[in-house]
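Structure record follows, encoded as structure tokens.
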Amino acid sequence: MRSTHRRRPLAGAAVAALTLLGAGLPATVAGAGADKDDKQPDLTRFYQQKIKWSTCEGMEVPKDLRCGKVTVPLDYARPEAGTLDLAMARYRATGDSRGSLLLNLGGPGLPGVPELAYGGENYMDLTDGYDLVSFDPRGVGRSSPVSCGEGTDEALEATGSDDVDNPRAALERLRRAADTCAKHSGPVLPHIGTLNASRDLDVMRAALGDKKLNYLGFSYGTRLGAVYAAQFPKKVGRMVLDGVDSLTEPLTEQGLVGAEGQQRALEDYLEACTEEELTCPFGEDARSAREQVVALVESLDEYPVPTDLGQEFSGQDLVGAISHALYSEQMWPALTQALNMLVHDGDTRGVVALTGGGFAPPPSGPRRSAAPARPHEPVDPGPSASPTPDAGLVDAEDVPLDNSPAALMAINCADDPDRPTAEHITDDLDDLRAEYEDASPVFGRYRLTQVLMCYGRPAGTDFVREEVRDVDTPKMLLVGTRGDPATPYRWTVETAKRLGSPAVVLDHKGKGHTGYGSSKCVHEKVDDFLLFGSLPDDGSSCVADE
């Protein structure tokens with residue numbers, strides 16, 4: 001729709017105001033309907049900007065992919081205090097375009113630009129009706145990336161066996177971890193989280209020239225979509241949430257659910273692996289294979305091995321790599337190959353590649369830390385103002401290696417109002433660690449570290465838990481997969497109930513994390529809704545693909 005909504009200079013303040021409202025500016029921003037004494041911050045200059053698309057610098061990407069950026073306030077309550085640039089990427093529509101479709105492909109902590117660049121073929125059918133757009137959220141990828149430096153190592157050691165009998169030492173490590181994350185992340189850290197990411201999403205919508213947000217979100221992207229629906233219900237267009245996140249469970253419960261789900265997925269993988277006895281690095285007995293995986297993780301935690309990146313690869317790095325590969329059965333052959341390289345040759349290149357070339361959370365070893373984000377000078381608020389060019393984005397090679405896990409923890413902590421007290425950790429660390437390891441001897445410690453990383457950080461918002469409910473939006477499609485190792489099907493049902501009557505549930509009776517990429521049926525129903533507005537009946541299902 002951008003081709004039919006290009007603005008030309010208009011004379012007259014009244015006409016200009018109508019033009020702004022037509023582009024989707026909130027009334028309080030545009031001025032219409034606001035009380036004269038209303039002290040709402042003026043965000044006009046952000047909603048007026050136009051995105052300039054160009055070739056993608058520093059990336060080998062498909063030739064038809066274009067990159068750009070949008071400028072947003074560092075602090076929406078004080079937009080004059082500075083701004084951030086967010087990296088964006090776009091494939092133009094090949095058919096008649098109804099505007100843009102924004103995609104968030106998961107996380108939190110996953111940069112959308114490289115995901116769209118290297119995995120965009122999964123969504124090309126949607127270019128029949130949309131420009132496909134993705135982005136690096138604030139604090140992620142090239143968008144003022146956060147980092148914890150050695151902070152994750154402190155948290156990892158706090159959950160290890162040495163500190164179980166000394167909770168005070170664990171608390172000190174966790175406190176140092178939080179301080180280290182703040183030191184390495186710069187001014188964006190207090191303003192990270194889904195609430196501000198949702199506001200950023202609305203600025204993007206307006207900058208793209210869309211009156212409504214059409215949106216496809218996966219995993220964490222479903223949380224972002226749900227928050228947007230609560231914040232900007234009148235701006236929601238066609239919205240699909242696949243692999244639906246919980247809006248109500250505290251991080252401690254989410255961590256246990258994740259550990260249990262990943263353990264089940266690992267056991268499914270090992271059952272299949274051991275049936276292929278000539279290629280499975282753990283032999284032909286599934287029970288023995290499970291024991292060998294636990295032993296391999298413990299061995300690498302005690303004796304990490306070097307990588308081509310000049311860092312050490314630990315058992316927790318291996319747990320993160322396996323976790324990524326278990327999201328889809330399509331990744332199982334690559335996982336088997338990578339584990340063979342590691343077990344038989346001590347070669348870490350395969351397992352490192354499973355996480356996109358970096359280290360999975362929680363990382364170990366020395367890290368490059370992000371340069372503190374430097375807020376731009378405030379933008380001239382005049383009608384023709386544009387963001388400062390080429391400012392704010394970090395070069396791809398300067399993104400910290402631990403950005404993804406650091407952002408995951410920062411965003412989850414910002415979205416969760418609960419904080420374990422010192423007394424709680426002192427009294428319960430031993431029991432908590434045992435509970436997580438009982439849920440999964442492989443993934444328990446990995447998940448517990450992520451939860452405890454919130455200790456020492458400011459309490460997060462209660463908006464997600466308390467305010468995202470009974471949204472007044474058009475119908476939206478929620479996809480839940482019965483065998484999802486990361487977002488269990490019951491979360492889809494619970495979130496649909498929270499969102500209220502607009503939520504329509506599609507029950508995918510398959511396995512793997514999310515349904516769009518693994519089920520032809522889900523893929524078709526999602527495309528039919530996004531392209532043609534055709535919704536399946538609430539509670540209808542898709543059988544698992546053979």
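We name chains A, B, ... following the order of the structure tokens; residues begin at 1 in each chain, and ligands are numbered from 1 as shown.
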Shell of 10 Å around Arg419 in chain A, only C-alpha atoms, local chain residues under 6 positions omitted, as a ChimeraX atom specification: /A:250-251,413,451-452,454-460
Can those selected residues be exported to a file as an mmCIF file, in the first residue's frame so that it contains N, CA, C and O atoms?
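Once written, selection_14.cif looks like this:
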```
data_model
loop_
_atom_site.group_PDB
_atom_site.id
_atom_site.type_symbol
_atom_site.label_atom_id
_atom_site.label_comp_id
_atom_site.auth_asym_id
_atom_site.auth_seq_id
_atom_site.Cartn_x
_atom_site.Cartn_y
_atom_site.Cartn_z
ATOM 1 N N PRO A 250 4.875 -17.069 36.223
ATOM 2 C CA PRO A 250 6.157 -16.444 36.567
ATOM 3 C C PRO A 250 7.311 -17.197 35.918
ATOM 4 O O PRO A 250 7.178 -18.348 35.477
ATOM 5 N N LEU A 251 8.463 -16.539 35.868
ATOM 6 C CA LEU A 251 9.615 -17.132 35.203
ATOM 7 C C LEU A 251 10.015 -18.473 35.806
ATOM 8 O O LEU A 251 10.473 -19.372 35.093
ATOM 9 N N CYS A 413 13.262 -10.564 32.272
ATOM 10 C CA CYS A 413 13.252 -9.936 33.599
ATOM 11 C C CYS A 413 12.435 -8.648 33.589
ATOM 12 O O CYS A 413 11.723 -8.342 34.552
ATOM 13 N N VAL A 451 16.578 -18.031 35.078
ATOM 14 C CA VAL A 451 15.622 -17.499 36.049
ATOM 15 C C VAL A 451 16.340 -16.665 37.109
ATOM 16 O O VAL A 451 15.928 -15.546 37.447
ATOM 17 N N LEU A 452 17.445 -17.184 37.642
ATOM 18 C CA LEU A 452 18.139 -16.496 38.726
ATOM 19 C C LEU A 452 18.851 -15.239 38.262
ATOM 20 O O LEU A 452 19.216 -14.386 39.087
ATOM 21 N N CYS A 454 17.604 -12.750 37.105
ATOM 22 C CA CYS A 454 16.803 -11.573 37.436
ATOM 23 C C CYS A 454 17.137 -11.030 38.823
ATOM 24 O O CYS A 454 16.759 -9.889 39.131
ATOM 25 N N TYR A 455 17.792 -11.826 39.654
ATOM 26 C CA TYR A 455 18.142 -11.348 40.992
ATOM 27 C C TYR A 455 19.117 -10.178 40.861
ATOM 28 O O TYR A 455 20.086 -10.221 40.097
ATOM 29 N N GLY A 456 18.858 -9.104 41.613
ATOM 30 C CA GLY A 456 19.711 -7.926 41.556
ATOM 31 C C GLY A 456 19.289 -6.918 40.519
ATOM 32 O O GLY A 456 19.852 -5.821 40.451
ATOM 33 N N ARG A 457 18.306 -7.255 39.683
ATOM 34 C CA ARG A 457 17.781 -6.311 38.694
ATOM 35 C C ARG A 457 16.507 -5.672 39.232
ATOM 36 O O ARG A 457 15.807 -6.260 40.060
ATOM 37 N N PRO A 458 16.165 -4.477 38.752
ATOM 38 C CA PRO A 458 14.894 -3.867 39.167
ATOM 39 C C PRO A 458 13.712 -4.762 38.800
ATOM 40 O O PRO A 458 13.753 -5.491 37.810
ATOM 41 N N ALA A 459 12.667 -4.706 39.613
ATOM 42 C CA ALA A 459 11.463 -5.480 39.313
ATOM 43 C C ALA A 459 10.882 -5.044 37.983
ATOM 44 O O ALA A 459 10.912 -3.861 37.627
ATOM 45 N N GLY A 460 10.357 -6.003 37.232
ATOM 46 C CA GLY A 460 9.784 -5.700 35.935
ATOM 47 C C GLY A 460 8.343 -5.220 36.031
ATOM 48 O O GLY A 460 7.759 -5.123 37.116
#
```
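All residues of range 160-265 of chain A that DSSP, run on the backbone, classes as strand (DSSP E or B) are A:Leu213, A:Asn214, A:Tyr215, A:Leu216, A:Gly217, A:Phe218, A:Val236, A:Gly237, A:Arg238, A:Met239, A:Val240, A:Leu241, A:Asp242.
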Sel. of alpha helix (DSSP H) residues, range 171-355 of chain A, as a PyMOL selection string: chain A and resi 171-185+194-207+220-231+251-275+286-302+315-325+332-345+349-353
Near-Leu535 in chain A list (10 Å; only C-alpha atoms; drop same-chain fewer than 3 positions) as a list in words: Lys475, Met476, Leu477, Val504, Val505, Leu506, Lys525, Val526, Asp527, Asp528, Phe529, Leu530, Phe532 and Asp538 of chain A
Each range 164-277 of chain A residue no farther than 10 Å from range 82-97 of chain A, nearest pair in Å, only C-alpha atoms, as JSON lines:
```
{"residue": "A:Pro187", "atom": "CA", "partner": "A:Gly82", "partner_atom": "CA", "distance": 9.9}
{"residue": "A:Val188", "atom": "CA", "partner": "A:Leu84", "partner_atom": "CA", "distance": 8.4}
{"residue": "A:Asp200", "atom": "CA", "partner": "A:Leu86", "partner_atom": "CA", "distance": 8.7}
{"residue": "A:Met204", "atom": "CA", "partner": "A:Met88", "partner_atom": "CA", "distance": 9.3}
```
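CA of Leu296 in chain A lies 12.2 Å from CA of Asn340 in chain A.
Considering only C-alpha atoms, the residue among A:Val140, A:Leu309, A:Cys67, A:Cys280 positioned nearest to Ala338 in chain A is A:Cys280.
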With only C-alpha atoms as the counted atoms, please give the residues lying no more than 8 Å from Gly261 in chain A, apart from itself and same-chain residues fewer than 4 positions off, as a short mmCIF file (atom, residue, chain, number, x, y, z; two decimals) with N, CA, C and O atoms, in the first residue's frame.
```
data_model
loop_
_atom_site.label_atom_id
_atom_site.label_comp_id
_atom_site.auth_asym_id
_atom_site.auth_seq_id
_atom_site.Cartn_x
_atom_site.Cartn_y
_atom_site.Cartn_z
N VAL A 257 8.66 -25.59 33.04
CA VAL A 257 7.94 -26.08 31.86
C VAL A 257 8.90 -26.26 30.69
O VAL A 257 8.86 -27.27 29.98
N ALA A 265 11.64 -33.66 24.39
CA ALA A 265 12.10 -33.57 23.01
C ALA A 265 13.44 -34.28 22.82
O ALA A 265 13.69 -34.94 21.80
N ASP A 484 4.74 -29.29 21.40
CA ASP A 484 5.71 -28.19 21.38
C ASP A 484 6.59 -28.26 22.63
O ASP A 484 6.09 -28.20 23.76
N PRO A 485 7.93 -28.36 22.47
CA PRO A 485 8.81 -28.48 23.64
C PRO A 485 9.04 -27.17 24.38
O PRO A 485 9.56 -27.18 25.50
N ALA A 486 8.69 -26.05 23.78
CA ALA A 486 8.99 -24.75 24.38
C ALA A 486 7.75 -24.01 24.87
O ALA A 486 7.77 -23.38 25.92
N PRO A 488 3.99 -25.02 25.57
CA PRO A 488 3.00 -26.11 25.59
C PRO A 488 1.63 -25.63 25.11
O PRO A 488 1.27 -24.46 25.24
#
```
